[in-house]
$ cat run_1.cif   # mmCIF, C-alpha atoms
data_input
loop_
_atom_site.label_atom_id
_atom_site.label_comp_id
_atom_site.auth_asym_id
_atom_site.auth_seq_id
_atom_site.Cartn_x
_atom_site.Cartn_y
_atom_site.Cartn_z
CA MET A 1 -30.17 48.36 -14.31
CA PHE A 2 -30.04 49.53 -10.72
CA SER A 3 -32.03 51.35 -8.04
CA LEU A 4 -30.98 53.70 -5.24
CA GLY A 5 -32.54 53.80 -1.80
CA PHE A 6 -32.19 56.48 0.87
CA ASP A 7 -33.34 56.23 4.48
CA ILE A 8 -33.36 59.41 6.55
CA GLY A 9 -33.55 58.93 10.30
CA GLY A 10 -33.09 61.09 13.34
CA THR A 11 -30.01 59.08 14.35
CA LYS A 12 -28.55 57.79 11.07
CA CYS A 13 -28.98 57.90 7.32
CA ALA A 14 -28.36 55.05 4.88
CA VAL A 15 -27.81 54.91 1.14
CA ILE A 16 -28.09 51.64 -0.79
CA LEU A 17 -27.56 50.50 -4.35
CA GLY A 18 -29.81 47.65 -5.35
CA LYS A 19 -30.39 45.47 -8.35
CA GLY A 20 -33.00 46.87 -10.70
CA GLU A 21 -34.90 43.60 -10.90
CA MET A 22 -35.80 41.34 -8.02
CA PRO A 23 -33.35 38.41 -7.83
CA GLU A 24 -34.57 34.94 -6.90
CA ASN A 25 -32.78 35.26 -3.57
CA HIS A 26 -33.88 38.50 -1.83
CA ASN A 27 -30.61 38.52 0.11
CA GLU A 28 -28.84 39.36 -3.17
CA LEU A 29 -30.90 42.52 -3.79
CA ILE A 30 -28.51 44.98 -2.12
CA ILE A 31 -25.24 45.51 -3.98
CA ASP A 32 -23.65 48.25 -1.85
CA LYS A 33 -24.46 50.38 1.21
CA LEU A 34 -23.14 53.38 3.11
CA SER A 35 -24.47 54.90 6.32
CA PHE A 36 -23.56 57.86 8.49
CA PRO A 37 -24.82 59.65 11.62
CA THR A 38 -27.51 62.22 10.82
CA ASP A 39 -26.31 64.77 13.39
CA VAL A 40 -29.39 66.99 13.07
CA LYS A 41 -27.54 70.00 14.53
CA ARG A 42 -25.72 70.54 11.25
CA GLY A 43 -28.96 71.19 9.33
CA TRP A 44 -30.83 69.54 6.49
CA LYS A 45 -28.66 70.95 3.70
CA ALA A 46 -25.51 69.32 5.10
CA VAL A 47 -27.29 65.98 5.62
CA ILE A 48 -28.66 65.98 2.07
CA GLU A 49 -25.23 66.92 0.72
CA GLU A 50 -23.72 63.90 2.51
CA MET A 51 -26.49 61.65 1.19
CA LEU A 52 -25.85 62.77 -2.39
CA SER A 53 -22.07 62.43 -2.06
CA SER A 54 -22.50 58.96 -0.49
CA ALA A 55 -24.65 57.93 -3.44
CA ASP A 56 -22.06 59.30 -5.86
CA ILE A 57 -19.36 57.24 -4.11
CA ILE A 58 -21.48 54.07 -4.32
CA LEU A 59 -22.27 54.67 -8.00
CA GLU A 60 -18.63 55.34 -8.85
CA ARG A 61 -17.23 52.30 -7.05
CA ASN A 62 -19.79 50.12 -8.83
CA GLY A 63 -18.93 51.50 -12.27
CA ILE A 64 -22.17 53.44 -12.84
CA GLU A 65 -21.18 56.53 -14.82
CA ALA A 66 -24.58 57.68 -16.16
CA PRO A 67 -27.14 57.24 -13.36
CA GLU A 68 -29.93 58.82 -15.41
CA LYS A 69 -29.51 55.94 -17.91
CA GLU A 70 -28.76 53.06 -15.55
CA LEU A 71 -31.10 53.76 -12.61
CA ILE A 72 -34.68 52.54 -12.91
CA GLY A 73 -35.75 54.25 -9.71
CA ILE A 74 -34.87 56.10 -6.55
CA GLY A 75 -36.72 55.71 -3.26
CA ILE A 76 -36.48 57.94 -0.20
CA SER A 77 -37.92 56.98 3.18
CA CYS A 78 -38.28 59.38 6.08
CA GLY A 79 -40.41 59.69 9.18
CA GLY A 80 -43.42 61.97 8.82
CA PRO A 81 -44.98 64.28 8.46
CA LEU A 82 -44.25 64.54 4.76
CA ASP A 83 -46.08 65.04 1.49
CA SER A 84 -45.30 62.13 -0.81
CA ARG A 85 -47.19 63.71 -3.72
CA LYS A 86 -45.21 66.98 -3.62
CA GLY A 87 -42.00 65.25 -2.53
CA THR A 88 -41.46 67.39 0.56
CA ILE A 89 -40.45 66.60 4.13
CA ASN A 90 -42.52 68.69 6.54
CA CYS A 91 -40.66 69.04 9.85
CA PRO A 92 -40.66 65.60 11.49
CA PRO A 93 -40.08 65.80 15.26
CA ASN A 94 -36.74 63.98 14.97
CA LEU A 95 -35.51 66.36 12.21
CA PRO A 96 -36.19 69.82 13.68
CA ASP A 97 -35.21 72.15 10.83
CA TRP A 98 -36.52 69.99 7.97
CA ASP A 99 -39.56 72.19 7.30
CA ASN A 100 -40.93 71.94 3.74
CA VAL A 101 -37.68 70.51 2.36
CA PRO A 102 -38.21 69.80 -1.39
CA ILE A 103 -36.13 66.64 -1.27
CA CYS A 104 -37.49 65.07 -4.46
CA ASP A 105 -36.72 68.21 -6.46
CA ILE A 106 -33.17 68.30 -5.05
CA PHE A 107 -32.54 64.61 -5.82
CA CYS A 108 -34.10 64.92 -9.30
CA GLU A 109 -31.79 67.80 -10.12
CA HIS A 110 -28.77 65.76 -8.96
CA PHE A 111 -29.59 62.38 -10.58
CA GLY A 112 -31.78 63.35 -13.53
CA ILE A 113 -34.71 61.17 -12.47
CA ARG A 114 -37.53 61.89 -10.02
CA PRO A 115 -37.43 59.86 -6.79
CA VAL A 116 -40.39 58.54 -4.83
CA LEU A 117 -40.74 59.77 -1.23
CA GLN A 118 -42.52 57.60 1.32
CA ASN A 119 -43.02 57.58 5.06
CA ASP A 120 -40.46 55.17 6.55
CA ALA A 121 -43.04 53.00 8.30
CA ASN A 122 -45.08 52.76 5.08
CA ALA A 123 -41.97 51.79 3.11
CA CYS A 124 -41.18 49.08 5.67
CA ALA A 125 -44.78 47.86 5.60
CA VAL A 126 -44.64 47.45 1.82
CA ALA A 127 -41.29 45.63 2.02
CA GLU A 128 -42.57 43.19 4.67
CA TRP A 129 -45.80 42.69 2.73
CA LYS A 130 -44.01 42.00 -0.57
CA PHE A 131 -40.96 40.06 0.65
CA GLY A 132 -41.13 39.38 4.39
CA SER A 133 -43.39 38.01 7.07
CA GLY A 134 -46.48 39.73 5.62
CA LYS A 135 -46.12 38.12 2.20
CA GLY A 136 -49.41 36.67 1.03
CA THR A 137 -51.57 38.64 3.48
CA GLU A 138 -54.30 41.10 2.54
CA ASN A 139 -54.16 43.09 5.78
CA MET A 140 -51.24 43.82 8.08
CA ILE A 141 -49.66 46.49 10.23
CA PHE A 142 -45.96 47.25 10.52
CA LEU A 143 -44.85 48.98 13.71
CA THR A 144 -41.60 50.89 14.00
CA PHE A 145 -39.91 52.02 17.21
CA GLY A 146 -36.73 53.96 16.37
CA THR A 147 -36.05 57.58 17.15
CA GLY A 148 -39.83 57.94 16.80
CA MET A 149 -42.85 55.64 16.62
CA GLY A 150 -44.89 54.89 13.54
CA ALA A 151 -46.95 52.33 11.70
CA GLY A 152 -47.53 51.31 8.11
CA LEU A 153 -50.88 49.83 7.12
CA ILE A 154 -51.67 47.35 4.39
CA LEU A 155 -55.46 47.15 4.02
CA ASN A 156 -57.27 45.01 1.45
CA GLY A 157 -54.03 44.33 -0.40
CA ARG A 158 -52.93 47.99 -0.72
CA LEU A 159 -50.82 50.47 1.20
CA TYR A 160 -53.13 52.81 3.11
CA SER A 161 -51.50 56.18 3.78
CA GLY A 162 -54.61 58.32 4.26
CA THR A 163 -55.37 61.66 2.69
CA SER A 164 -52.28 63.39 4.12
CA ASP A 165 -49.72 60.55 4.48
CA MET A 166 -50.49 60.39 8.23
CA ALA A 167 -52.60 57.19 8.47
CA GLY A 168 -50.13 55.20 10.57
CA GLU A 169 -48.48 58.02 12.50
CA VAL A 170 -48.36 57.58 16.25
CA ASP A 171 -48.49 60.76 18.32
CA THR A 172 -46.40 60.50 21.47
#

$ encode --input "run_1.cif" --output "structure tokens"
Amino acid sequence: MFSLGFDIGGTKCAVILGKGEMPENHNELIIDKLSFPTDVKRGWKAVIEEMLSSADIILERNGIEAPEKELIGIGISCGGPLDSRKGTINCPPNLPDWDNVPICDIFCEHFGIRPVLQNDANACAVAEWKFGSGKGTENMIFLTFGTGMGAGLILNGRLYSGTSDMAGEVDT
């Protein structure tokens, strides 16, 4: 069993294939990875098309012929604002034409399983809390300074995203 991960950034996008279950050594989690420049001028449809074709390449070269049977999950991270419940990206400042993009619907149609969409800083906060320097803590903050600025909050042993997925967003 496997999992797919997608990271959408203003500068680059990455696609990873990971083991479906957590190995003893976290460094062995990622099986394969591809990345490419986002080039926002070409529009969201072209970027998503390249993400899907990159995933197809990774799946094929790792012998995964029926993703809907062999994938246990798909995760997508992207800077906000977004709506993780609806699965839409809602025009982040670093992705100008990505307004109400139904990314989870598009990926579900392609792979046959519904992905989970999360703010990139929140996704990083959870990863650090579960496997990194925040492991064992009840409260922590993860700060990100890439194309934009953001923060993910772990409060009382849970991810806190607020009522509109904007809890850790930093307005510049």

$ resolve_selection --input "run_1.cif" --expression "the PyMOL selection byres ((chain A and resi 41) around 12)" --output "list in words"
Gly10, Thr11, Pro37, Thr38, Asp39, Val40, Arg42, Gly43, Trp44, Lys45, Ala46, Val47, Asn94, Leu95, Pro96, Asp97 and Trp98 of chain A

$ closest_residue --input "run_1.cif" --among "A:Asp32, A:Asp7, A:Asp83, A:Glu169" --to "Ile57 of chain A" --atoms "all atoms listed in the file"
A:Asp32

$ resolve_selection --input "run_1.cif" --expression "the PyMOL selection byres ((chain A and resi 66) around 12)" --output "PyMOL selection string"
chain A and resi 1-2+56+59-60+62-65+67-72+110-113

$ axis_aligned_box --input "run_1.cif" --around "segment 30-46 of chain A" --padding-each-side "6 Å" --output "JSON"
{"center_x": -27.0, "center_y": 58.1, "center_z": 5.3, "size_x": 19.7, "size_y": 38.2, "size_z": 30.5}

$ residues_around --input "run_1.cif" --residues "Tyr160 of chain A" --least-positions-apart "5" --cutoff "12 Å" --atoms "all atoms listed in the file" --output "list in words"
Gln118, Asn119, Ala121, Asn122, Ala123, Ala125, Val126, Glu138, Asn139, Met140, Ile141, Phe142, Ala151, Gly152, Leu153, Ile154, Leu155, Asp165, Met166, Ala167, Gly168 and Glu169 of chain A

$ atom_distance --input "run_1.cif" --atom1 "atom CA of Cys108 of chain A" --atom2 "atom CA of Arg85 of chain A"
14.3 Å

$ atom_distance --input "run_1.cif" --atom1 "atom CA of Ala14 of chain A" --atom2 "atom CA of Glu49 of chain A"
13.0 Å

$ atom_distance --input "run_1.cif" --atom1 "atom CA of Ser3 of chain A" --atom2 "atom CA of Gly18 of chain A"
5.1 Å

$ closest_residue --input "run_1.cif" --among "A:Ser54, A:Asn90, A:Ser161, A:Ser77" --to "Phe6 of chain A" --atoms "only C-alpha atoms"
A:Ser77

$ resolve_selection --input "run_1.cif" --expression "the PyMOL selection byres ((chain A and resi 104) around 9)" --output "VMD selection string"
chain A and resid 76 86 to 88 101 to 103 105 to 109 114 to 117

$ closest_residue --input "run_1.cif" --among "A:Ala127, A:Leu143, A:Ile89, A:Cys13" --to "Ala55 of chain A" --atoms "only C-alpha atoms"
A:Cys13

$ closest_residue --input "run_1.cif" --among "A:Thr144, A:Asn156, A:Asn100, A:Ser35" --to "Pro81 of chain A" --atoms "all atoms listed in the file"
A:Asn100

$ residues_around --input "run_1.cif" --residues "Ile58 of chain A" --least-positions-apart "6" --cutoff "9 Å" --atoms "only C-alpha atoms" --output "list in words"
Val15, Ile16, Leu17, Asp32, Lys33, Leu34 and Ile64 of chain A

$ closest_residue --input "run_1.cif" --among "A:Lys12, A:Lys135, A:Arg158, A:Lys130" --to "Met51 of chain A" --atoms "all atoms listed in the file"
A:Lys12
